[in-house]
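This is structure23.cif. It holds mmCIF, C-alpha atoms, pLDDT in the B column; chains and numbers go by the auth columns.
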```cif
data_protein
#
loop_
_atom_site.group_PDB
_atom_site.id
_atom_site.type_symbol
_atom_site.label_atom_id
_atom_site.label_comp_id
_atom_site.label_asym_id
_atom_site.label_seq_id
_atom_site.Cartn_x
_atom_site.Cartn_y
_atom_site.Cartn_z
_atom_site.B_iso_or_equiv
_atom_site.auth_seq_id
_atom_site.auth_asym_id
ATOM 1 C CA MET A 1 -2.968 -12.201 -10.835 40.00 1 V
ATOM 2 C CA ALA A 2 -5.840 -11.864 -13.267 41.00 2 V
ATOM 3 C CA ALA A 3 -6.996 -14.488 -15.710 44.00 3 V
ATOM 4 C CA VAL A 4 -5.968 -13.119 -19.110 49.00 4 V
ATOM 5 C CA ASN A 5 -8.214 -13.506 -22.144 53.00 5 V
ATOM 6 C CA ASP A 6 -6.892 -15.446 -25.140 60.00 6 V
ATOM 7 C CA CYS A 7 -7.167 -12.365 -27.292 74.00 7 V
ATOM 8 C CA PHE A 8 -8.126 -8.695 -27.149 82.00 8 V
ATOM 9 C CA SER A 9 -9.464 -7.220 -30.379 83.00 9 V
ATOM 10 C CA ILE A 10 -7.740 -4.084 -31.640 85.00 10 V
ATOM 11 C CA GLY A 11 -10.090 -1.167 -31.066 86.00 11 V
ATOM 12 C CA SER A 12 -11.802 -2.705 -28.036 89.00 12 V
ATOM 13 C CA THR A 13 -11.891 -0.810 -24.744 92.00 13 V
ATOM 14 C CA VAL A 14 -10.193 -2.579 -21.831 93.00 14 V
ATOM 15 C CA MET A 15 -9.866 -1.621 -18.175 93.00 15 V
ATOM 16 C CA CYS A 16 -7.406 -3.098 -15.657 92.00 16 V
ATOM 17 C CA THR A 17 -5.607 -2.368 -12.396 92.00 17 V
ATOM 18 C CA THR A 18 -1.816 -2.680 -12.108 91.00 18 V
ATOM 19 C CA CYS A 19 0.142 -4.137 -9.199 88.00 19 V
ATOM 20 C CA PHE A 20 0.770 -0.518 -8.092 85.00 20 V
ATOM 21 C CA ASN A 21 -3.012 -0.063 -7.775 88.00 21 V
ATOM 22 C CA GLU A 22 -3.147 2.250 -10.809 90.00 22 V
ATOM 23 C CA GLU A 23 -6.252 1.901 -12.963 92.00 23 V
ATOM 24 C CA PHE A 24 -6.078 2.224 -16.759 93.00 24 V
ATOM 25 C CA GLU A 25 -8.881 2.253 -19.285 93.00 25 V
ATOM 26 C CA GLY A 26 -8.252 2.664 -22.982 92.00 26 V
ATOM 27 C CA GLU A 27 -8.397 1.422 -26.529 92.00 27 V
ATOM 28 C CA VAL A 28 -6.425 -1.704 -27.439 91.00 28 V
ATOM 29 C CA LEU A 29 -3.631 -0.982 -29.907 88.00 29 V
ATOM 30 C CA ALA A 30 -1.920 -4.369 -29.657 87.00 30 V
ATOM 31 C CA PHE A 31 -1.837 -7.524 -27.531 87.00 31 V
ATOM 32 C CA ASP A 32 0.706 -10.344 -27.414 86.00 32 V
ATOM 33 C CA HIS A 33 -0.721 -13.496 -25.849 83.00 33 V
ATOM 34 C CA ASN A 34 2.666 -15.196 -25.240 85.00 34 V
ATOM 35 C CA THR A 35 4.088 -12.358 -23.150 87.00 35 V
ATOM 36 C CA LYS A 36 0.690 -11.085 -21.904 87.00 36 V
ATOM 37 C CA MET A 37 1.706 -7.571 -22.992 90.00 37 V
ATOM 38 C CA LEU A 38 -1.170 -5.191 -23.749 91.00 38 V
ATOM 39 C CA ILE A 39 -0.781 -1.754 -25.345 90.00 39 V
ATOM 40 C CA LEU A 40 -3.565 0.705 -24.492 92.00 40 V
ATOM 41 C CA LYS A 41 -4.287 4.175 -25.845 91.00 41 V
ATOM 42 C CA CYS A 42 -5.726 6.187 -22.962 91.00 42 V
ATOM 43 C CA ARG A 43 -6.903 9.751 -22.639 88.00 43 V
ATOM 44 C CA SER A 44 -4.094 12.018 -21.522 86.00 44 V
ATOM 45 C CA LYS A 45 -4.386 13.420 -18.023 80.00 45 V
ATOM 46 C CA ASN A 46 -2.469 16.544 -19.079 80.00 46 V
ATOM 47 C CA ALA A 47 -4.072 17.555 -22.401 79.00 47 V
ATOM 48 C CA GLU A 48 -7.562 16.950 -23.805 79.00 48 V
ATOM 49 C CA ASN A 49 -6.397 16.617 -27.428 83.00 49 V
ATOM 50 C CA LEU A 50 -3.623 14.098 -26.661 86.00 50 V
ATOM 51 C CA ASN A 51 -3.475 10.416 -25.742 88.00 51 V
ATOM 52 C CA ASP A 52 -1.082 8.422 -23.579 89.00 52 V
ATOM 53 C CA VAL A 53 0.138 5.006 -24.700 87.00 53 V
ATOM 54 C CA HIS A 54 0.686 2.479 -21.904 88.00 54 V
ATOM 55 C CA VAL A 55 2.389 -0.906 -22.213 89.00 55 V
ATOM 56 C CA LEU A 56 0.994 -3.208 -19.507 91.00 56 V
ATOM 57 C CA ASN A 57 2.018 -6.677 -18.367 91.00 57 V
ATOM 58 C CA LEU A 58 -1.330 -8.318 -17.724 90.00 58 V
ATOM 59 C CA SER A 59 0.337 -11.071 -15.686 89.00 59 V
ATOM 60 C CA LEU A 60 0.848 -8.383 -13.030 90.00 60 V
ATOM 61 C CA CYS A 61 -2.599 -6.795 -13.377 90.00 61 V
ATOM 62 C CA SER A 62 -5.954 -7.490 -11.752 89.00 62 V
ATOM 63 C CA ASN A 63 -9.587 -6.787 -12.603 89.00 63 V
ATOM 64 C CA VAL A 64 -8.962 -7.064 -16.346 90.00 64 V
ATOM 65 C CA GLN A 65 -12.267 -6.279 -18.054 90.00 65 V
ATOM 66 C CA VAL A 66 -13.401 -5.701 -21.631 90.00 66 V
ATOM 67 C CA VAL A 67 -15.547 -2.590 -21.247 90.00 67 V
ATOM 68 C CA LYS A 68 -16.544 -2.395 -24.911 88.00 68 V
ATOM 69 C CA GLU A 69 -15.937 -4.824 -27.751 85.00 69 V
ATOM 70 C CA CYS A 70 -14.760 -3.514 -31.106 79.00 70 V
ATOM 71 C CA ASN A 71 -17.638 -3.359 -33.588 71.00 71 V
ATOM 72 C CA GLY A 72 -15.497 -4.988 -36.271 64.00 72 V
ATOM 73 C CA ASN A 73 -15.025 -1.851 -38.345 61.00 73 V
ATOM 74 C CA TYR A 74 -11.619 -0.973 -36.939 56.00 74 V
ATOM 75 C CA VAL A 75 -9.353 -0.702 -39.987 52.00 75 V
ATOM 76 C CA ASP A 76 -6.664 1.798 -38.954 59.00 76 V
ATOM 77 C CA ASP A 77 -3.207 0.341 -38.430 59.00 77 V
ATOM 78 C CA PRO A 78 -1.645 1.161 -35.068 57.00 78 V
ATOM 79 C CA GLN A 79 0.823 4.030 -35.163 62.00 79 V
ATOM 80 C CA LYS A 80 4.486 3.080 -34.991 69.00 80 V
ATOM 81 C CA LEU A 81 5.937 3.376 -31.515 66.00 81 V
ATOM 82 C CA ASN A 82 9.111 5.302 -30.732 78.00 82 V
ATOM 83 C CA LEU A 83 11.126 2.464 -29.203 80.00 83 V
ATOM 84 C CA GLU A 84 13.931 4.724 -27.978 87.00 84 V
ATOM 85 C CA GLN A 85 11.435 6.908 -26.153 84.00 85 V
ATOM 86 C CA LEU A 86 9.797 3.822 -24.679 80.00 86 V
ATOM 87 C CA LYS A 87 13.177 2.579 -23.425 87.00 87 V
ATOM 88 C CA LEU A 88 13.842 5.969 -21.841 87.00 88 V
ATOM 89 C CA ARG A 89 10.414 6.000 -20.169 83.00 89 V
ATOM 90 C CA LEU A 90 10.977 2.450 -18.921 84.00 90 V
ATOM 91 C CA ARG A 91 14.378 3.352 -17.470 85.00 91 V
ATOM 92 C CA LYS A 92 12.960 6.411 -15.699 83.00 92 V
ATOM 93 C CA THR A 93 10.001 4.427 -14.375 83.00 93 V
ATOM 94 C CA VAL A 94 12.286 1.697 -13.010 84.00 94 V
ATOM 95 C CA GLN A 95 14.510 4.321 -11.364 79.00 95 V
ATOM 96 C CA HIS A 96 11.452 6.006 -9.850 79.00 96 V
ATOM 97 C CA ARG A 97 10.131 2.723 -8.464 82.00 97 V
ATOM 98 C CA GLN A 98 13.552 1.795 -7.062 81.00 98 V
ATOM 99 C CA THR A 99 13.835 5.158 -5.326 80.00 99 V
ATOM 100 C CA TYR A 100 10.331 4.772 -3.900 82.00 100 V
ATOM 101 C CA LEU A 101 11.049 1.287 -2.567 85.00 101 V
ATOM 102 C CA LYS A 102 14.359 2.359 -1.018 84.00 102 V
ATOM 103 C CA SER A 103 12.644 5.311 0.656 86.00 103 V
ATOM 104 C CA LYS A 104 10.268 3.038 2.584 89.00 104 V
ATOM 105 C CA ASN A 105 11.115 2.827 6.266 90.00 105 V
ATOM 106 C CA ALA A 106 8.465 1.631 8.703 88.00 106 V
ATOM 107 C CA ASP A 107 10.212 3.342 11.628 92.00 107 V
ATOM 108 C CA VAL A 108 10.012 6.906 10.257 93.00 108 V
ATOM 109 C CA SER A 109 7.212 9.288 9.280 93.00 109 V
ATOM 110 C CA PRO A 110 5.808 9.664 5.733 93.00 110 V
ATOM 111 C CA GLU A 111 7.325 13.177 5.685 94.00 111 V
ATOM 112 C CA ALA A 112 10.798 11.737 6.325 94.00 112 V
ATOM 113 C CA GLN A 113 10.304 9.203 3.536 93.00 113 V
ATOM 114 C CA GLU A 114 9.228 11.990 1.185 93.00 114 V
ATOM 115 C CA LEU A 115 12.354 13.989 2.106 94.00 115 V
ATOM 116 C CA TYR A 116 14.439 10.899 1.339 93.00 116 V
ATOM 117 C CA ARG A 117 12.914 10.735 -2.172 91.00 117 V
ATOM 118 C CA VAL A 118 13.574 14.436 -2.785 91.00 118 V
ATOM 119 C CA ILE A 119 17.231 13.993 -1.851 92.00 119 V
ATOM 120 C CA ALA A 120 17.589 10.744 -3.835 89.00 120 V
ATOM 121 C CA LYS A 121 16.222 12.513 -6.917 87.00 121 V
ATOM 122 C CA GLN A 122 19.091 15.010 -6.777 87.00 122 V
ATOM 123 C CA PHE A 123 21.797 12.426 -6.252 86.00 123 V
ATOM 124 C CA LYS A 124 22.405 8.942 -7.599 74.00 124 V
ATOM 125 C CA ASN A 125 19.979 6.591 -5.902 71.00 125 V
ATOM 126 C CA ASN A 126 22.743 4.324 -4.578 77.00 126 V
ATOM 127 C CA GLU A 127 24.423 7.302 -2.861 87.00 127 V
ATOM 128 C CA VAL A 128 21.468 7.832 -0.504 91.00 128 V
ATOM 129 C CA SER A 129 20.482 5.233 2.088 91.00 129 V
ATOM 130 C CA TRP A 130 18.798 4.669 5.416 93.00 130 V
ATOM 131 C CA GLN A 131 21.074 4.008 8.356 91.00 131 V
ATOM 132 C CA GLY A 132 18.523 3.100 10.992 92.00 132 V
ATOM 133 C CA LEU A 133 16.491 6.295 11.449 94.00 133 V
ATOM 134 C CA ASN A 134 19.133 8.459 9.749 95.00 134 V
ATOM 135 C CA ILE A 135 19.420 9.471 6.096 94.00 135 V
ATOM 136 C CA GLN A 136 22.985 9.157 4.828 92.00 136 V
ATOM 137 C CA ILE A 137 24.336 10.804 1.654 91.00 137 V
ATOM 138 C CA PHE A 138 27.666 9.815 0.032 89.00 138 V
ATOM 139 C CA ASN A 139 28.729 8.367 3.410 86.00 139 V
ATOM 140 C CA GLU A 140 29.685 11.974 4.183 90.00 140 V
ATOM 141 C CA VAL A 141 26.519 13.641 5.473 92.00 141 V
ATOM 142 C CA THR A 142 23.946 12.314 7.934 93.00 142 V
ATOM 143 C CA ILE A 143 20.463 13.703 8.626 95.00 143 V
ATOM 144 C CA THR A 144 19.074 12.689 11.997 95.00 144 V
ATOM 145 C CA PRO A 145 15.469 13.021 13.291 94.00 145 V
ATOM 146 C CA PRO A 146 13.495 15.261 13.154 94.00 146 V
ATOM 147 C CA TYR A 147 15.174 15.874 9.773 95.00 147 V
ATOM 148 C CA ARG A 148 15.618 19.666 9.874 95.00 148 V
ATOM 149 C CA ALA A 149 18.529 21.791 8.666 94.00 149 V
ATOM 150 C CA GLU A 150 20.040 21.837 12.149 95.00 150 V
ATOM 151 C CA ASN A 151 20.040 18.004 12.129 95.00 151 V
ATOM 152 C CA VAL A 152 22.493 17.818 9.209 94.00 152 V
ATOM 153 C CA VAL A 153 25.881 16.511 10.336 91.00 153 V
ATOM 154 C CA SER A 154 28.991 16.118 8.183 89.00 154 V
ATOM 155 C CA THR A 155 31.184 13.119 8.933 81.00 155 V
ATOM 156 C CA SER A 156 33.945 14.243 6.554 82.00 156 V
ATOM 157 C CA ASN A 157 33.980 18.026 7.067 82.00 157 V
ATOM 158 C CA ASN A 158 32.430 18.513 3.586 83.00 158 V
ATOM 159 C CA LYS A 159 30.906 21.936 4.264 87.00 159 V
ATOM 160 C CA SER A 160 29.697 22.557 0.696 90.00 160 V
ATOM 161 C CA LEU A 161 27.704 19.311 0.602 90.00 161 V
ATOM 162 C CA CYS A 162 26.438 19.944 4.111 91.00 162 V
ATOM 163 C CA ASN A 163 25.183 23.440 3.213 92.00 163 V
ATOM 164 C CA TYR A 164 23.589 22.131 0.025 93.00 164 V
ATOM 165 C CA ILE A 165 21.633 19.482 1.947 94.00 165 V
ATOM 166 C CA LYS A 166 20.529 22.087 4.502 94.00 166 V
ATOM 167 C CA LYS A 167 19.195 24.284 1.711 94.00 167 V
ATOM 168 C CA MET A 168 17.330 21.321 0.219 94.00 168 V
ATOM 169 C CA ILE A 169 15.681 20.594 3.576 95.00 169 V
ATOM 170 C CA GLU A 170 14.678 24.247 4.033 94.00 170 V
ATOM 171 C CA ASN A 171 13.123 24.317 0.538 93.00 171 V
ATOM 172 C CA PHE A 172 11.390 20.996 1.209 94.00 172 V
ATOM 173 C CA ILE A 173 9.771 22.367 4.375 93.00 173 V
ATOM 174 C CA ILE A 174 8.701 25.570 2.564 92.00 174 V
ATOM 175 C CA ASN A 175 7.154 23.574 -0.268 89.00 175 V
ATOM 176 C CA ARG A 176 5.162 21.393 2.113 86.00 176 V
ATOM 177 C CA ALA A 177 3.904 24.442 4.025 83.00 177 V
ATOM 178 C CA SER A 178 2.863 26.487 0.985 71.00 178 V
ATOM 179 C CA PRO A 179 3.601 24.781 -2.341 51.00 179 V
ATOM 180 C CA ASP A 180 1.686 27.230 -4.562 56.00 180 V
ATOM 181 C CA SER A 181 3.091 30.505 -3.320 44.00 181 V
ATOM 182 C CA ASN A 182 6.688 29.306 -2.991 44.00 182 V
ATOM 183 C CA ASP A 183 7.235 27.332 -6.214 45.00 183 V
ATOM 184 C CA MET A 184 9.095 30.122 -8.050 40.00 184 V
ATOM 185 C CA SER A 185 11.176 31.320 -5.094 41.00 185 V
ATOM 186 C CA THR A 186 12.034 27.753 -4.087 40.00 186 V
ATOM 187 C CA SER A 187 13.044 26.847 -7.621 45.00 187 V
ATOM 188 C CA SER A 188 15.302 29.890 -7.794 43.00 188 V
ATOM 189 C CA ALA A 189 16.876 29.159 -4.421 41.00 189 V
ATOM 190 C CA SER A 190 17.422 25.529 -5.331 44.00 190 V
ATOM 191 C CA SER A 191 19.033 26.513 -8.641 45.00 191 V
ATOM 192 C CA THR A 192 21.364 28.948 -6.880 42.00 192 V
ATOM 193 C CA ALA A 193 22.310 26.372 -4.248 44.00 193 V
ATOM 194 C CA SER A 194 22.928 23.728 -6.902 46.00 194 V
ATOM 195 C CA SER A 195 25.132 26.064 -8.936 45.00 195 V
ATOM 196 C CA SER A 196 27.128 27.059 -5.881 42.00 196 V
ATOM 197 C CA PHE A 197 27.518 23.481 -4.707 45.00 197 V
ATOM 198 C CA THR A 198 28.612 22.309 -8.160 43.00 198 V
ATOM 199 C CA SER A 199 31.265 25.024 -8.385 40.00 199 V
ATOM 200 C CA CYS A 200 32.646 24.240 -4.946 40.00 200 V
ATOM 201 C CA ASN A 201 32.856 20.513 -5.597 44.00 201 V
ATOM 202 C CA ALA A 202 34.300 20.913 -9.080 39.00 202 V
ATOM 203 C CA ALA A 203 37.277 22.574 -7.439 37.00 203 V
ATOM 204 C CA ALA A 204 37.442 20.078 -4.589 41.00 204 V
ATOM 205 C CA GLY A 205 36.904 16.986 -6.738 42.00 205 V
ATOM 206 C CA SER A 206 33.911 15.855 -4.682 44.00 206 V
ATOM 207 C CA PRO A 207 30.858 14.073 -6.154 44.00 207 V
ATOM 208 C CA VAL A 208 28.305 16.374 -7.800 42.00 208 V
ATOM 209 C CA PRO A 209 24.561 15.673 -7.625 47.00 209 V
ATOM 210 C CA ALA A 210 22.979 14.346 -10.794 45.00 210 V
ATOM 211 C CA ASN A 211 19.980 16.645 -11.392 45.00 211 V
ATOM 212 C CA SER A 212 17.298 14.642 -13.224 41.00 212 V
#
```
Is it possible to give me this structure as structure tokens?
Amino acid sequence: MAAVNDCFSIGSTVMCTTCFNEEFEGEVLAFDHNTKMLILKCRSKNAENLNDVHVLNLSLCSNVQVVKECNGNYVDDPQKLNLEQLKLRLRKTVQHRQTYLKSKNADVSPEAQELYRVIAKQFKNNEVSWQGLNIQIFNEVTITPPYRAENVVSTSNNKSLCNYIKKMIENFIINRASPDSNDMSTSSASSTASSSFTSCNAAAGSPVPANS
């Protein structure tokens, strides 16, 4: 945990590292000493003419440094924040972190953990779990090592779910082998599989994956 300054001047440039080892450097928009919450305006990684706004809990950050003090001429009021959008981003970030933590399994390869995250993204996170070395979905389908399509086993004779998982694994392997040349074909195949699976399960009353 870093020692947090009593105050950060609006307009100053601050750099810090989060507990996820992500480094941020940007202009201070606001700082609340009681909650140790700092709002930074950083250059967008996706567009040169845009900025990203990050809300950071400095109690969970390290290497907090003031790179450049404000010269005292900062007079612009901070732009109003879209609180609903912030809540949505927070919810998605929490879900992403939860999925990442649940995917960790010291007994399996990084590739298997990545496959777990791909599957968990398509279904509700609590419907995918590790059972030893096996990945289990809806308590109906099990994927055993080495986690290929032929290793998908249905414990409830749910053929539509089983086929859908097999298609996901095949697309996952294709993407890892050649992500650039297979993006469009993989996306199309995944969309077709999802549509087919949804139709089958709508008739059967089985759970449908939540695409997000």
If you measure from CA of Gly26 (chain V) to CA of Arg43 (chain V), what distance in Å do you get, rounded to one decimal?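 Distance between the two atoms: 7.2 Å.
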Hey, which of V:Arg148, V:Ala177, V:Ser103, V:Ser156 ends up closest to Trp130 (chain V)? Count all atoms listed in the file.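 Residue with the minimum atom-to-atom distance to Trp130 (chain V): V:Ser103.
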Given the file shown, enumerate the residues that the PyMOL selection byres ((chain V and resi 25) around 7) captures and present them as a PyMOL selection string. chain V and resi 13-16+23-24+26+42
Print the selection's residues with C-alpha atoms to a file, as a compact mmCIF listing (two decimals), in the coordinates of the input.
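Listing of again-v2.txt after writing:
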```
# COMPACT_ATOMS: atom_id res chain seq x y z
CA THR V 13 -11.89 -0.81 -24.74
CA VAL V 14 -10.19 -2.58 -21.83
CA MET V 15 -9.87 -1.62 -18.18
CA CYS V 16 -7.41 -3.10 -15.66
CA GLU V 23 -6.25 1.90 -12.96
CA PHE V 24 -6.08 2.22 -16.76
CA GLY V 26 -8.25 2.66 -22.98
CA CYS V 42 -5.73 6.19 -22.96
```
From the list V:Glu27, V:Glu84, V:Glu22, V:Glu48, the nearest residue to Leu60 (chain V) using only C-alpha atoms is V:Glu22
The PyMOL selection byres ((chain V and resi 152) around 9) applied to the shown file, residues as a list of chain:residue names: V:Val141, V:Thr142, V:Ile143, V:Thr144, V:Tyr147, V:Arg148, V:Ala149, V:Glu150, V:Asn151, V:Val153, V:Ser154, V:Cys162, V:Asn163, V:Ile165, V:Lys166
Can you list what the PyMOL selection byres ((chain V and resi 28) around 12) grabs from this structure, as an MDAnalysis selection string? chainID V and resid 7:16 24:27 29:32 37:42 53:56 65:70 74 77:78
Would you please work out which residue, of V:Val94, V:Ile169, V:Leu101, V:Ile137, is nearest to Phe123 (chain V) when using all atoms listed in the file?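 When distances to Phe123 (chain V) are compared using all atoms listed in the file, the smallest one comes from V:Ile137.
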So what do you get for CA of Val108 (chain V) versus CA of Gly132 (chain V), distance-wise?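 Separation of CA of Val108 (chain V) and CA of Gly132 (chain V): 9.4 Å.
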Quick one: pull the distance between CA of Asn34 (chain V) and CA of His96 (chain V), Å, one decimal. 27.6 Å
For Lys124 (chain V), the nearest of the candidates V:Ser59, V:Asn49, V:Thr99, V:Asn139, counting all atoms listed in the file: V:Thr99
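Each of V:Asn125, V:Gln85, V:Ser44, V:Asn71 was checked against Arg97 (chain V) using all atoms listed in the file; the smallest atom-to-atom distance is that of V:Asn125.
Closest approach to Ile119 (chain V) among V:Ser62, V:Asn158, V:Thr93, V:Asn171 is made by V:Asn171 (distances from only C-alpha atoms).
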For Gln95 (chain V), find every residue with an atom within 12 Å (counting only C-alpha atoms), except residues of its own chain fewer than 3 positions away, and show them as a PDB file with C-alpha atoms, in the coordinates of the input.
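The new file around-v6.pdb reads:
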```pdb
ATOM      1  CA  LEU V  88      13.842   5.969 -21.841  1.00 87.00           C
ATOM      2  CA  ARG V  89      10.414   6.000 -20.169  1.00 83.00           C
ATOM      3  CA  LEU V  90      10.977   2.450 -18.921  1.00 84.00           C
ATOM      4  CA  ARG V  91      14.378   3.352 -17.470  1.00 85.00           C
ATOM      5  CA  LYS V  92      12.960   6.411 -15.699  1.00 83.00           C
ATOM      6  CA  GLN V  98      13.552   1.795  -7.062  1.00 81.00           C
ATOM      7  CA  THR V  99      13.835   5.158  -5.326  1.00 80.00           C
ATOM      8  CA  TYR V 100      10.331   4.772  -3.900  1.00 82.00           C
ATOM      9  CA  LEU V 101      11.049   1.287  -2.567  1.00 85.00           C
ATOM     10  CA  LYS V 102      14.359   2.359  -1.018  1.00 84.00           C
ATOM     11  CA  ARG V 117      12.914  10.735  -2.172  1.00 91.00           C
ATOM     12  CA  ALA V 120      17.589  10.744  -3.835  1.00 89.00           C
ATOM     13  CA  LYS V 121      16.222  12.513  -6.917  1.00 87.00           C
ATOM     14  CA  LYS V 124      22.405   8.942  -7.599  1.00 74.00           C
ATOM     15  CA  ASN V 125      19.979   6.591  -5.902  1.00 71.00           C
ATOM     16  CA  ASN V 126      22.743   4.324  -4.578  1.00 77.00           C
ATOM     17  CA  SER V 212      17.298  14.642 -13.224  1.00 41.00           C
TER      18      SER V 212
END
```
Add whatever atoms are absent from region 31-38 of chain V to reach all heavy atoms, and provide the output as a CSV table (one decimal), in the frame of the given file.
```csv
chain,number,residue,atom,x,y,z
V,31,PHE,N,-1.9,-6.6,-28.6
V,31,PHE,CA,-1.8,-7.5,-27.5
V,31,PHE,C,-1.0,-8.8,-28.0
V,31,PHE,O,-1.3,-9.3,-29.1
V,31,PHE,CB,-3.2,-7.9,-27.1
V,31,PHE,CG,-3.2,-9.0,-26.0
V,31,PHE,CD1,-2.7,-8.8,-24.8
V,31,PHE,CD2,-3.8,-10.3,-26.3
V,31,PHE,CE1,-2.7,-9.8,-23.8
V,31,PHE,CE2,-3.8,-11.3,-25.4
V,31,PHE,CZ,-3.2,-11.0,-24.1
V,32,ASP,N,-0.1,-9.1,-27.1
V,32,ASP,CA,0.7,-10.3,-27.4
V,32,ASP,C,0.4,-11.4,-26.4
V,32,ASP,O,0.6,-11.2,-25.2
V,32,ASP,CB,2.2,-10.0,-27.4
V,32,ASP,CG,3.0,-11.3,-27.7
V,32,ASP,OD1,3.1,-11.6,-28.9
V,32,ASP,OD2,3.6,-11.9,-26.8
V,33,HIS,N,-0.2,-12.5,-26.8
V,33,HIS,CA,-0.7,-13.5,-25.8
V,33,HIS,C,0.4,-14.2,-25.1
V,33,HIS,O,0.3,-14.5,-23.9
V,33,HIS,CB,-1.6,-14.5,-26.6
V,33,HIS,CG,-2.0,-15.7,-25.7
V,33,HIS,ND1,-3.0,-15.5,-24.7
V,33,HIS,CD2,-1.6,-17.0,-25.6
V,33,HIS,CE1,-3.1,-16.7,-24.1
V,33,HIS,NE2,-2.3,-17.6,-24.6
V,34,ASN,N,1.5,-14.4,-25.8
V,34,ASN,CA,2.7,-15.2,-25.2
V,34,ASN,C,3.3,-14.5,-24.1
V,34,ASN,O,3.6,-15.1,-23.0
V,34,ASN,CB,3.7,-15.5,-26.3
V,34,ASN,CG,3.2,-16.5,-27.4
V,34,ASN,OD1,2.4,-17.3,-27.1
V,34,ASN,ND2,3.7,-16.3,-28.6
V,35,THR,N,3.5,-13.1,-24.2
V,35,THR,CA,4.1,-12.4,-23.2
V,35,THR,C,3.1,-11.7,-22.3
V,35,THR,O,3.4,-11.1,-21.3
V,35,THR,CB,5.0,-11.3,-23.8
V,35,THR,OG1,4.2,-10.4,-24.6
V,35,THR,CG2,6.1,-11.9,-24.6
V,36,LYS,N,1.8,-11.7,-22.6
V,36,LYS,CA,0.7,-11.1,-21.9
V,36,LYS,C,0.9,-9.6,-21.9
V,36,LYS,O,0.5,-8.9,-20.9
V,36,LYS,CB,0.6,-11.6,-20.5
V,36,LYS,CG,0.4,-13.1,-20.4
V,36,LYS,CD,-0.9,-13.6,-21.0
V,36,LYS,CE,-1.2,-15.1,-20.8
V,36,LYS,NZ,-0.2,-15.9,-21.5
V,37,MET,N,1.5,-9.0,-22.9
V,37,MET,CA,1.7,-7.6,-23.0
V,37,MET,C,0.6,-6.9,-23.8
V,37,MET,O,0.2,-7.3,-24.9
V,37,MET,CB,3.0,-7.3,-23.7
V,37,MET,CG,4.2,-7.9,-23.0
V,37,MET,SD,4.4,-7.4,-21.2
V,37,MET,CE,4.8,-5.6,-21.4
V,38,LEU,N,0.0,-5.9,-23.2
V,38,LEU,CA,-1.2,-5.2,-23.7
V,38,LEU,C,-0.8,-3.7,-23.9
V,38,LEU,O,-0.3,-3.1,-23.0
V,38,LEU,CB,-2.4,-5.3,-22.9
V,38,LEU,CG,-3.7,-4.5,-23.3
V,38,LEU,CD1,-4.3,-5.1,-24.6
V,38,LEU,CD2,-4.7,-4.6,-22.2
```
